[in-house]
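Here is the structure we will look at, set down as structure tokens.
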Amino acid sequence: MPASLNHRRLIALAYDFAVVALAWWVSYFVAFGMTLPVEARAEMLRTFPAVALIQVGCFAFFRLYRGMWRFASLHDFKQIAKAIGTAALIQTAVLFIWSRGFLVPRSALVLDPLLLILLMCGGRMTYRWWKEQWPNSTETAKGRPVLILGAGESAFKLVLQLQRSPAWEIVALLDDNRNKVGRQISGYPVLGTWDDIARASLATGARHALLAVGEADHVVRRRAFDLCEKAGVRLQIVPDIDALMTEGIHLSNIRNIEVDDLLRRDPVKLDVGGLRQLLTLRTVLVTGAGGSIGSELCRQIARFRPKLLVLVEIGEYPLYQIHEELRRDHPELKVIPVIADIKDQRRLFDVFARHSPEIVFHAAAYKHVPLMETGNSWQAVQNNTFGTVRLMEVVSRFPVERLVFISTDKAVNPTSVMGATKRLSEMLLQEWAVRNPQTSTVTVRFGNVLGSTGSVVPKFKDQIARGGPITITDPAMRRYFMSVSEAAQLVLQAARMGNGGEIFVLDMGEPILIADLARDMIRLSGLTEDEIAIEYTGLRPGEKLFEELLASDEATLPTRHRKLRVARPFEAPGTVWEKQVMAWLTESSNLLDADVRAGLARFVPEYQPYQDPAAKVITLHPGTTSRLSA
């Protein structure tokens with residue numbers, strides 16, 4: 001323990017001992033009518049050592065000397081009250097037994113703890129006030145002036161932390177509750193409402209604002225962003241404002257508002273108790289663990305402290321990255337990185353035999369629609385569908401409690417090869433679940449994830465960094481979006497709720513125009529559409545103008561989680577259909593794109609293959625034709 005810390009604790013102990021002596025003397029003095037007879041003085045001195053020992057012992061027991069007076073808070077005052085209350089009960093009992101209470105006035109026993117609370121809390125508050133009013137010379141430089149948007153409990157927490165940060169200088173608060181205007185929080189005035197941001201910025205010179213409204217929903221974040229942009233003020237946020245009091249605030253915590261924050265989505269509320277029951281001290285395996293969804297699943301699962309987390313990934317560097325991150329953030333967690341191709345059944349069997357996973361999340365897939373549409377269609381079938389079959393076959397030979405398959409909205413009435421491979425996988429899983437009731441098989445279907453590999457957000461960021469233009473296929477194109485964190489959390493929630501065979505559909509909110517997303521990203525970069533142009537290039541192979549989450553012949557039922565619904569499709573296709581699919585999947589030849597589309601259309605009735613207008617018919621060998629793109 002540093003010598004300075006020991007020194008400070010001794011000073012605090014000395015102060016409290018002096019307060020104990022003063023309170024005991026004053027309580028006697030008041031009890032005897034502002035005079036102290038000789039007999040009373042003798043009794044006071046005789047009982048003081050016992051009183052001091054009991055009280056100081058209680059102070060130490062309640063850890064009053066671990067806190068720092070400079071940061072004295074309501075928590076410290078509660079601990080002081082508990083310590084003094086406990087000491088009062090003990091000393092009353094001891095003094096009564098010892099001297100029968102003849103010369104210890106009852107009023108002194110009541111007054112003494114009250115005086116102690118007043119003097120001990122008052123001393124700490126006075127010290128904190130002094131330190132805040134007279135900072136060290138190294139802290140005299142003023143920080144960056146900032147407006148606080150909000151004047152509630154979250155704002156109070158933020159103010160307390162920013163007061164200790166030399167990087168920021170609070171100049172005012174703004175709140176839409178007009179009853180708070182003109183009042184103060186910790187000495188800082190509430191100047192007006194959010195509509196007054198421009199005026200407050202001019203009056204105070206603040207060019208930055210911090211959002212302090214707790215779990216602000218998308219409407220609040222959007223309004224704050226729009227108002228700040230009009231006023232020329234940069235809006236910033238603290239991601240987890242409720243952790244401020246325990247963890248403190250650092251410059252790295254405060255960040256600019258991002259496109260995720262403007263999504264029309266509210267925070268996810270998880271069944272934390274149920275997820276602990278599902279994941280804590282269990283062996284969990286994640287395929288595609290280095291991908292955008294797989295890696296976030298690993299981060300979320302790690303929070304629930306599984307016994308073992310097995311990361312299955314074909315890419316060396318993505319696996320290295322997530323493994324190193326988990327080792328850094330969760331050093332107590334046992335993590336096993338496994339390089340494996342999902343189609344390699346022998347390798348999968350070895351991994352399952354060695355680690356015996358109880359919960360399996362299958363996130364490995366090729367997801368890029370245009371890339372899988374032309375030239376790589378058979379690889380999409382092999383990886384997305386045949387890889388899932390290989391995993392199912394291995395799972396059936398081990399006591400796996402739950403298998404969770406990550407699907408996509410592109411599997412609904414698919415027009416792309418990627419979407420059709422996912423839909424075919426869903427149907428195979430549905431058939432497999434009938435024969436394997438010992439494993440609860442759950443499918444989770446959702447839309448686009450912001451920032452995921454191959455998504456538009458990284459592409460738009462790169463195009464903005466290069467000075468534009470941003471390229472969009474069609475001005476009417478809409479997509480459902482959610483953050484990668486929300487997607488992973490809802491996958492876990494669906495895994496907890498599934499009984500077997502269900503297809504869970506995530507509430508994706510309202511679809512967003514891709515053009516609006518591009519405009520938001522331009523504005524978030526501090527630029528305008530005059531500086532970054534938007535160009536429209538036309539639909540790419542396999543793309544839709546909009547995505548669906550449910551096929552027309554499916555119905556959904558609500559679940560106990562408001563952001564999850566369960567789809568109940570028609571009965572599984574049957575074993576004859578399954579055998580035909582397996583015969584096709586095990587084709588030894590590398591099928592051409594047109595043949596792949598024909599095969600998918602045969603097994604997925606709702607699939608409407610993309611027709612390349614530039615395709616032409618060529619002869620492969622006598623009696624056989626196929627379509628190739630020109």
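Residue numbers start at 1 in each chain; chains themselves are named A, B, ... in the order of the structure tokens; ligands are numbered from 1 in the order shown.
Using only C-alpha atoms, the residues found no farther than 7 Å from range 13-24 of chain A, other than those of its own chain fewer than 2 positions away, are Arg9, Leu10, Ile11, Val26, Ser27, Tyr28, Ala52, Asp112, Leu115, Leu116, Leu119 and Met120 of chain A.
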9 Å contact set for Leu600 in chain A, only C-alpha atoms, chain neighbours under 6 positions out, as a short mmCIF file (atom, residue, chain, number, x, y, z; two decimals) with C-alpha atoms, in the first residue's frame:
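And here's around_6.cif as it stands now:
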data_model
loop_
_atom_site.label_atom_id
_atom_site.label_comp_id
_atom_site.auth_asym_id
_atom_site.auth_seq_id
_atom_site.Cartn_x
_atom_site.Cartn_y
_atom_site.Cartn_z
CA VAL A 381 -24.26 -24.09 -51.77
CA VAL A 417 -28.34 -17.91 -54.52
CA ALA A 420 -31.83 -19.75 -51.40
CA THR A 421 -28.95 -21.65 -49.75
CA LEU A 424 -32.63 -24.72 -48.06
CA TYR A 607 -37.00 -19.31 -55.01
CA PRO A 609 -33.74 -17.23 -59.69
#
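Shell of Val442 in chain A at 10 Å, with only C-alpha atoms counted and residues fewer than 6 places along the chain excluded, is Phe361, Arg402, Leu403, Val404, Phe405, Ile406, Glu426, Leu429, Gln430, Ala433, Val491, Ala494, Ala495, Arg496, Met497, Gly498, Asn499, Gly500, Gly501, Glu502, Ile503 and Phe504 of chain A.
Of note, CA of Glu39 in chain A and CA of Ala108 in chain A are spaced 15.1 Å apart.
The closest residue to Gly143 in chain A, picked from A:Asn413, A:Thr408, A:Ser165, A:Ser396 and counting only C-alpha atoms, is A:Ser165.
Using only C-alpha atoms, the nearest neighbour of Arg106 in chain A within the list A:Ala206, A:Val30, A:Pro166, A:Leu524 is A:Val30.
Coordinates place CA of Thr473 in chain A at a distance of 17.4 Å from CA of Glu529 in chain A.
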What's the 12 Å shell around Arg183 in chain A, counting only C-alpha atoms, without same-chain residues fewer than 3 positions away, as a VMD selection string?
chain A and resid 151 to 152 172 to 175 177 to 180 186 to 192
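The protein and nucleic acid residues lying at most 9 Å from Leu308 in chain A are Leu281, Arg282, Thr283, Val284, Leu285, Leu333, Lys334, Val335, Ile336, His355 and Pro357 of chain A, with only C-alpha atoms considered and sequence neighbours fewer than 6 positions away removed.
Taking only range 504-541 of chain A, the residues that DSSP calls helix (DSSP H, G or I) from the backbone come to Ile514, Ala515, Asp516, Leu517, Ala518, Arg519, Asp520, Met521, Ile522, Arg523 and Leu524 of chain A.
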Give me, as a PDB file with N, CA, C and O atoms, in the first residue's frame, all polymer residues having an atom no more than 9 Å from range 94-97 of chain A, counting only C-alpha atoms and skipping those fewer than 5 positions away in the same chain.
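Final output, around.pdb:
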ATOM      1  N   THR A  47     -16.234   6.038  30.944  1.00  0.00           N
ATOM      2  CA  THR A  47     -16.896   5.268  29.885  1.00  0.00           C
ATOM      3  C   THR A  47     -16.351   5.568  28.490  1.00  0.00           C
ATOM      4  O   THR A  47     -16.597   4.805  27.548  1.00  0.00           O
ATOM      5  N   ALA A  50     -14.379   2.772  26.361  1.00  0.00           N
ATOM      6  CA  ALA A  50     -15.243   1.731  25.800  1.00  0.00           C
ATOM      7  C   ALA A  50     -16.035   2.260  24.604  1.00  0.00           C
ATOM      8  O   ALA A  50     -16.173   1.596  23.570  1.00  0.00           O
ATOM      9  N   VAL A  51     -16.565   3.492  24.744  1.00  0.00           N
ATOM     10  CA  VAL A  51     -17.332   4.103  23.653  1.00  0.00           C
ATOM     11  C   VAL A  51     -16.458   4.296  22.417  1.00  0.00           C
ATOM     12  O   VAL A  51     -16.841   3.969  21.285  1.00  0.00           O
ATOM     13  N   LEU A  89     -26.192   0.974  19.182  1.00  0.00           N
ATOM     14  CA  LEU A  89     -26.866  -0.169  19.805  1.00  0.00           C
ATOM     15  C   LEU A  89     -25.908  -0.947  20.705  1.00  0.00           C
ATOM     16  O   LEU A  89     -26.250  -1.337  21.828  1.00  0.00           O
ATOM     17  N   PHE A 102     -26.580   4.185  35.573  1.00  0.00           N
ATOM     18  CA  PHE A 102     -26.940   5.152  36.618  1.00  0.00           C
ATOM     19  C   PHE A 102     -26.532   6.570  36.263  1.00  0.00           C
ATOM     20  O   PHE A 102     -27.289   7.518  36.442  1.00  0.00           O
ATOM     21  N   VAL A 104     -25.124   7.529  33.176  1.00  0.00           N
ATOM     22  CA  VAL A 104     -25.093   7.787  31.728  1.00  0.00           C
ATOM     23  C   VAL A 104     -26.493   8.203  31.306  1.00  0.00           C
ATOM     24  O   VAL A 104     -27.402   7.382  31.217  1.00  0.00           O
TER      25      VAL A 104
END
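Distances here use only C-alpha atoms; by that measure, the residue among A:Arg346, A:Arg423, A:Arg397, A:Lys410 closest to Asn436 in chain A is A:Arg397.
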